[in-house]
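Asker: Here it is, the structure in full.
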Amino acid sequence: MPLTFRSLFVRYTFFFTNLIDLEVIMEAANWETRNVRNSIRVVCWCLAWMVTMVLVNKAELYGWHSSTTVSVAGIAVNALIGGGLIVVFIRFLRELDELHRKIQMDTLALVLRLVLVGGVNYSRLETAKPPRSRLPTSPWSNCTLIWPV
Amino acid sequence: MKNRLKVLRAERDWTQADLAAALEVSRQTVNAIEKEKFDPSLPLAFKVARLFGSAIEDIFIDEASS
């Protein structure tokens with residue numbers, strides 16, 4: 001093939017297109033890797049927060065120690081890890097793809113409402129302390145689901 | 001919102017994954033935009049316009065004005 005302007009153009013366009021493709025693939029890989037890394041971070045912080053919370057609660061419940069300082073220190077560590085979890089989750093949300101962020105935010109809003117309604121109902125039941133035989137029997141009623149627990 | 005994303009992508013013989021990689025979004029997002037289930041944010045719309053070398057209004061069509 002003679003070295004005409006057209007052949008040079010085709011050859012270099014192909015070369016640069018491949019380079020651009022490679023760059024795009026690298027960026028996509030970085031973006032996806034970052035997302036996976038953020039998700040793993042959120043899961044790890046969540047686990048750490050849960051483990052410290054359970055340890056602090058069980059230590060007090062079963063009297064593993066008698067020192068108030070240890071209890072306060074445990075609660076402080078749990079709160080610090082909770083703060084870290086919030087920061088990591090905010091970072092995770094910020095770096096998410098915008099469709100996934102919308103899905104996450106919609107789900108969080110729904111869960112917040114459910115927890116609020118469930119929590120208020122539960123606290124009202126705690127205050128009212130109705131006899132169990134008088135509780136509604138519908139399987140769909142949150143009273144039936146929450147009260148025995 | 002209607003858009004010409006699928007047509008523009010087909011003209012360049014790109015897959016959804018190629019476009020998603022170029023826009024730094026997930027393939028699901030590209031699919032949702034093409035199927036008009038999700039409207040992109042303004043920065044993403046500008047990014048799409050820049051990528052295809054067109055104006056935003058040439059790619060995304062406001063149904064209220066058409």
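Residues in the structure tokens are named by chain (A, B, ... in the order shown) and by number from 1 within that chain; ligands are numbered from 1 in the order shown.
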Counting only C-alpha atoms, what is within 9 Å of B:Ile33, bar same-chain residues fewer than 3 positions away, as a JSON list (two decimals) with N, CA and C atoms, in the first residue's frame?
Answerer:
[["chain", "number", "residue", "atom", "x", "y", "z"],
["B", 1, "MET", "N", -37.76, 12.10, 29.08],
["B", 1, "MET", "CA", -37.21, 12.96, 28.02],
["B", 1, "MET", "C", -36.71, 12.10, 26.86],
["B", 2, "LYS", "N", -37.13, 12.47, 25.66],
["B", 2, "LYS", "CA", -36.68, 11.72, 24.48],
["B", 2, "LYS", "C", -35.22, 12.09, 24.18],
["B", 3, "ASN", "N", -34.51, 11.14, 23.58],
["B", 3, "ASN", "CA", -33.12, 11.45, 23.22],
["B", 3, "ASN", "C", -32.67, 10.62, 22.02],
["B", 5, "LEU", "N", -29.65, 9.23, 21.77],
["B", 5, "LEU", "CA", -28.41, 8.57, 22.21],
["B", 5, "LEU", "C", -28.16, 7.25, 21.47],
["B", 28, "GLN", "N", -25.71, 0.27, 32.93],
["B", 28, "GLN", "CA", -27.14, 0.35, 33.29],
["B", 28, "GLN", "C", -27.66, 1.77, 33.13],
["B", 29, "THR", "N", -26.80, 2.75, 33.46],
["B", 29, "THR", "CA", -27.21, 4.15, 33.32],
["B", 29, "THR", "C", -27.45, 4.50, 31.86],
["B", 30, "VAL", "N", -26.51, 4.08, 31.00],
["B", 30, "VAL", "CA", -26.66, 4.34, 29.56],
["B", 30, "VAL", "C", -27.94, 3.69, 29.05],
["B", 36, "GLU", "N", -35.25, 5.95, 28.05],
["B", 36, "GLU", "CA", -35.99, 7.11, 28.58],
["B", 36, "GLU", "C", -36.61, 6.84, 29.94],
["B", 37, "LYS", "N", -35.94, 5.99, 30.72],
["B", 37, "LYS", "CA", -36.42, 5.71, 32.08],
["B", 37, "LYS", "C", -35.73, 6.62, 33.09],
["B", 38, "PHE", "N", -34.64, 7.23, 32.66],
["B", 38, "PHE", "CA", -33.85, 8.06, 33.57],
["B", 38, "PHE", "C", -33.32, 9.28, 32.81],
["B", 39, "ASP", "N", -33.52, 10.45, 33.39],
["B", 39, "ASP", "CA", -33.00, 11.67, 32.77],
["B", 39, "ASP", "C", -31.64, 11.99, 33.38],
["B", 40, "PRO", "N", -30.63, 12.19, 32.53],
["B", 40, "PRO", "CA", -29.29, 12.45, 33.09],
["B", 40, "PRO", "C", -29.21, 13.83, 33.74]]
Asker: Sort by chain and increasing residue number a table of all residues of chain B within 9 Å of chain A, each with its closest pair of atoms and their distance in Å to one decimal, counting only C-alpha atoms, and write it as a Markdown table.
Answerer:
| residue | atom | partner | partner_atom | distance |
| --- | --- | --- | --- | --- |
| B:Asp18 | CA | A:Val24 | CA | 8.3 |
| B:Ala20 | CA | A:Ala28 | CA | 8.2 |
| B:Ala21 | CA | A:Ala28 | CA | 5.0 |
| B:Ala22 | CA | A:Val24 | CA | 5.8 |
| B:Leu23 | CA | A:Ala28 | CA | 8.9 |
| B:Glu24 | CA | A:Ala28 | CA | 6.2 |
| B:Val25 | CA | A:Asp97 | CA | 5.5 |
| B:Ser26 | CA | A:Asp97 | CA | 6.4 |
| B:Gln28 | CA | A:Leu99 | CA | 8.0 |
| B:Thr29 | CA | A:Leu99 | CA | 5.8 |
| B:Ala32 | CA | A:Leu99 | CA | 8.4 |
| B:Phe38 | CA | A:Leu99 | CA | 7.6 |
| B:Pro40 | CA | A:Glu98 | CA | 7.9 |
| B:Ser41 | CA | A:Glu98 | CA | 7.9 |
| B:Leu44 | CA | A:Glu98 | CA | 9.0 |
Asker: Skip A:Ser71 itself and residues of its chain fewer than 3 positions away, then list as number ranges by chain all residues within 10 Å of it, counting only C-alpha atoms.
Answerer: A: 56-57, 59-60, 65-68, 74-77
Asker: Go ahead and dump the residues you just picked, C-alpha atoms, as a CSV table (one decimal), in the first residue's frame.
Answerer:
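See part.csv below for the written result:
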chain,number,residue,atom,x,y,z
A,56,VAL,CA,-20.2,-3.1,74.4
A,57,ASN,CA,-23.8,-4.2,75.0
A,59,ALA,CA,-20.1,-6.7,78.2
A,60,GLU,CA,-22.5,-4.6,80.2
A,65,HIS,CA,-16.0,-6.0,83.6
A,66,SER,CA,-17.1,-3.7,86.5
A,67,SER,CA,-15.4,-0.5,85.4
A,68,THR,CA,-17.4,2.4,84.2
A,74,GLY,CA,-16.2,1.1,74.6
A,75,ILE,CA,-19.1,3.4,73.8
A,76,ALA,CA,-16.6,6.1,72.6
A,77,VAL,CA,-14.9,3.6,70.3
Asker: Enumerate the residues of chain B with a DSSP assignment of strand (DSSP E or B), computed from the backbone, and present them as a count of residues only.
Answerer: 4
Asker: Near A:Val87, within 12 Å and counting only C-alpha atoms, which residues show up once chain neighbours fewer than 5 positions away are dropped, as a PyMOL selection string?
Answerer: chain A and resi 38+41-42+45-46+80-82+92-94
Asker: Figure out the distance between atom CA of B:Asn31 and atom CA of B:Thr15, please, to one decimal in Å.
Answerer: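 Calculated distance between atom CA of B:Thr15 and atom CA of B:Asn31 is 10.4 Å.
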Asker: For B:Lys6, find every residue with an atom within 9 Å (counting only C-alpha atoms), except residues of its own chain fewer than 3 positions away, and show them as a JSON list (two decimals) with N, CA and C atoms, in the first residue's frame.
Answerer:
[["chain", "number", "residue", "atom", "x", "y", "z"],
["B", 3, "ASN", "N", -34.51, 11.14, 23.58],
["B", 3, "ASN", "CA", -33.12, 11.45, 23.22],
["B", 3, "ASN", "C", -32.67, 10.62, 22.02],
["B", 9, "ARG", "N", -25.07, 6.55, 19.04],
["B", 9, "ARG", "CA", -24.17, 5.45, 19.42],
["B", 9, "ARG", "C", -24.04, 4.45, 18.27],
["B", 10, "ALA", "N", -25.18, 4.16, 17.64],
["B", 10, "ALA", "CA", -25.17, 3.20, 16.53],
["B", 10, "ALA", "C", -24.37, 3.74, 15.35],
["B", 11, "GLU", "N", -24.45, 5.06, 15.12],
["B", 11, "GLU", "CA", -23.70, 5.68, 14.01],
["B", 11, "GLU", "C", -22.20, 5.47, 14.19],
["B", 16, "GLN", "N", -23.06, -0.18, 24.35],
["B", 16, "GLN", "CA", -23.45, 0.58, 25.55],
["B", 16, "GLN", "C", -22.28, 0.65, 26.52],
["B", 34, "GLU", "N", -31.14, 5.61, 27.46],
["B", 34, "GLU", "CA", -31.62, 5.28, 26.11],
["B", 34, "GLU", "C", -33.09, 4.88, 26.10],
["B", 35, "LYS", "N", -33.50, 4.16, 27.13],
["B", 35, "LYS", "CA", -34.89, 3.71, 27.20],
["B", 35, "LYS", "C", -35.81, 4.77, 27.81]]
Asker: Show me, as a ChimeraX atom specification, the residues that have an atom within 12 Å of A:Val43 when counting only C-alpha atoms, minus same-chain residues fewer than 2 positions from it.
Answerer: /A:36-41,45-50,84-86,88-89,92
Asker: Please produce an output containing all heavy atoms for each residue in the selection, written as a compact mmCIF listing (two decimals), in the first residue's frame.
Answerer:
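In the end it all went to part_35.txt:
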# COMPACT_ATOMS: atom_id res chain seq x y z
N VAL A 36 -15.97 -0.65 43.71
CA VAL A 36 -15.88 -1.92 44.45
C VAL A 36 -15.15 -1.69 45.78
O VAL A 36 -15.58 -2.16 46.83
CB VAL A 36 -15.17 -3.01 43.60
CG1 VAL A 36 -14.87 -4.24 44.43
CG2 VAL A 36 -16.01 -3.37 42.40
N ARG A 37 -14.04 -0.91 45.70
CA ARG A 37 -13.26 -0.62 46.90
C ARG A 37 -14.10 0.14 47.93
O ARG A 37 -14.09 -0.19 49.11
CB ARG A 37 -12.03 0.19 46.51
CG ARG A 37 -10.88 0.07 47.50
CD ARG A 37 -9.66 0.80 47.00
NE ARG A 37 -10.00 2.14 46.56
CZ ARG A 37 -9.35 2.79 45.59
NH1 ARG A 37 -8.38 2.22 44.96
NH2 ARG A 37 -9.70 4.02 45.26
N ASN A 38 -14.89 1.10 47.45
CA ASN A 38 -15.75 1.87 48.36
C ASN A 38 -16.80 0.98 49.01
O ASN A 38 -17.09 1.12 50.19
CB ASN A 38 -16.44 3.01 47.60
CG ASN A 38 -15.51 4.15 47.31
OD1 ASN A 38 -14.46 4.27 47.94
ND2 ASN A 38 -15.86 4.99 46.37
N SER A 39 -17.40 0.06 48.22
CA SER A 39 -18.41 -0.84 48.76
C SER A 39 -17.80 -1.72 49.85
O SER A 39 -18.41 -1.92 50.91
CB SER A 39 -18.97 -1.75 47.66
OG SER A 39 -19.41 -1.00 46.60
N ILE A 40 -16.60 -2.25 49.57
CA ILE A 40 -15.94 -3.12 50.56
C ILE A 40 -15.65 -2.33 51.84
O ILE A 40 -15.85 -2.83 52.95
CB ILE A 40 -14.64 -3.73 49.97
CG1 ILE A 40 -15.02 -4.72 48.86
CG2 ILE A 40 -13.82 -4.44 51.04
CD1 ILE A 40 -13.85 -5.20 48.03
N ARG A 41 -15.22 -1.07 51.66
CA ARG A 41 -14.95 -0.22 52.83
C ARG A 41 -16.20 -0.04 53.68
O ARG A 41 -16.13 -0.14 54.91
CB ARG A 41 -14.46 1.15 52.37
CG ARG A 41 -12.97 1.23 52.29
CD ARG A 41 -12.53 2.64 52.03
NE ARG A 41 -11.18 2.64 51.52
CZ ARG A 41 -10.68 3.50 50.69
NH1 ARG A 41 -11.43 4.47 50.23
NH2 ARG A 41 -9.44 3.42 50.29
N TRP A 45 -16.53 -1.24 57.58
CA TRP A 45 -16.83 -0.29 58.66
C TRP A 45 -18.13 -0.66 59.34
O TRP A 45 -18.26 -0.54 60.57
CB TRP A 45 -16.89 1.14 58.11
CG TRP A 45 -15.54 1.77 57.97
CD1 TRP A 45 -14.71 1.68 56.91
CD2 TRP A 45 -14.85 2.55 58.96
NE1 TRP A 45 -13.53 2.37 57.16
CE2 TRP A 45 -13.61 2.91 58.40
CE3 TRP A 45 -15.17 2.98 60.24
CZ2 TRP A 45 -12.68 3.68 59.10
CZ3 TRP A 45 -14.25 3.75 60.93
CH2 TRP A 45 -13.02 4.09 60.37
N CYS A 46 -19.11 -1.10 58.56
CA CYS A 46 -20.41 -1.50 59.12
C CYS A 46 -20.23 -2.70 60.05
O CYS A 46 -20.79 -2.73 61.15
CB CYS A 46 -21.35 -1.85 57.97
SG CYS A 46 -23.06 -1.73 58.43
N LEU A 47 -19.43 -3.67 59.61
CA LEU A 47 -19.17 -4.86 60.44
C LEU A 47 -18.46 -4.46 61.73
O LEU A 47 -18.81 -4.93 62.82
CB LEU A 47 -18.32 -5.88 59.66
CG LEU A 47 -19.08 -6.76 58.67
CD1 LEU A 47 -18.12 -7.62 57.88
CD2 LEU A 47 -20.10 -7.64 59.40
N ALA A 48 -17.45 -3.59 61.60
CA ALA A 48 -16.70 -3.13 62.78
C ALA A 48 -17.62 -2.43 63.76
O ALA A 48 -17.56 -2.66 64.98
CB ALA A 48 -15.57 -2.19 62.35
N TRP A 49 -18.51 -1.58 63.23
CA TRP A 49 -19.46 -0.85 64.08
C TRP A 49 -20.39 -1.82 64.81
O TRP A 49 -20.63 -1.69 66.01
CB TRP A 49 -20.25 0.13 63.22
CG TRP A 49 -21.24 0.93 63.98
CD1 TRP A 49 -20.98 1.92 64.88
CD2 TRP A 49 -22.66 0.80 63.93
NE1 TRP A 49 -22.15 2.43 65.39
CE2 TRP A 49 -23.20 1.76 64.83
CE3 TRP A 49 -23.54 -0.03 63.22
CZ2 TRP A 49 -24.58 1.90 65.02
CZ3 TRP A 49 -24.89 0.12 63.41
CH2 TRP A 49 -25.39 1.07 64.30
N MET A 50 -20.90 -2.84 64.06
CA MET A 50 -21.81 -3.81 64.66
C MET A 50 -21.11 -4.63 65.74
O MET A 50 -21.65 -4.86 66.82
CB MET A 50 -22.38 -4.73 63.58
CG MET A 50 -23.53 -4.10 62.82
SD MET A 50 -23.93 -4.98 61.33
CE MET A 50 -24.35 -6.58 61.95
N GLY A 84 -16.86 7.14 61.49
CA GLY A 84 -16.08 6.68 60.32
C GLY A 84 -16.99 6.05 59.28
O GLY A 84 -16.84 6.29 58.08
N LEU A 85 -17.95 5.27 59.76
CA LEU A 85 -18.90 4.61 58.85
C LEU A 85 -19.69 5.65 58.06
O LEU A 85 -19.88 5.50 56.84
CB LEU A 85 -19.85 3.72 59.67
CG LEU A 85 -21.04 3.11 58.93
CD1 LEU A 85 -20.57 2.18 57.83
CD2 LEU A 85 -21.95 2.36 59.89
N ILE A 86 -20.11 6.71 58.73
CA ILE A 86 -20.88 7.77 58.05
C ILE A 86 -20.02 8.44 56.97
O ILE A 86 -20.46 8.63 55.83
CB ILE A 86 -21.39 8.81 59.08
CG1 ILE A 86 -22.47 8.16 59.97
CG2 ILE A 86 -21.97 10.04 58.38
CD1 ILE A 86 -22.83 8.96 61.19
N VAL A 88 -17.37 7.21 55.42
CA VAL A 88 -17.10 6.26 54.33
C VAL A 88 -18.35 6.11 53.45
O VAL A 88 -18.25 6.04 52.21
CB VAL A 88 -16.68 4.89 54.93
CG1 VAL A 88 -16.72 3.80 53.90
CG2 VAL A 88 -15.27 4.99 55.48
N PHE A 89 -19.53 6.11 54.09
CA PHE A 89 -20.77 5.96 53.32
C PHE A 89 -21.03 7.19 52.45
O PHE A 89 -21.48 7.06 51.31
CB PHE A 89 -21.95 5.69 54.26
CG PHE A 89 -23.19 5.28 53.53
CD1 PHE A 89 -23.26 4.03 52.95
CD2 PHE A 89 -24.27 6.13 53.40
CE1 PHE A 89 -24.40 3.63 52.24
CE2 PHE A 89 -25.41 5.76 52.70
CZ PHE A 89 -25.47 4.50 52.12
N PHE A 92 -18.80 6.88 49.54
CA PHE A 92 -19.34 5.84 48.66
C PHE A 92 -20.48 6.40 47.81
O PHE A 92 -20.53 6.19 46.60
CB PHE A 92 -19.83 4.68 49.54
CG PHE A 92 -20.75 3.70 48.87
CD1 PHE A 92 -20.25 2.77 47.97
CD2 PHE A 92 -22.11 3.70 49.15
CE1 PHE A 92 -21.10 1.86 47.35
CE2 PHE A 92 -22.96 2.80 48.54
CZ PHE A 92 -22.46 1.89 47.63
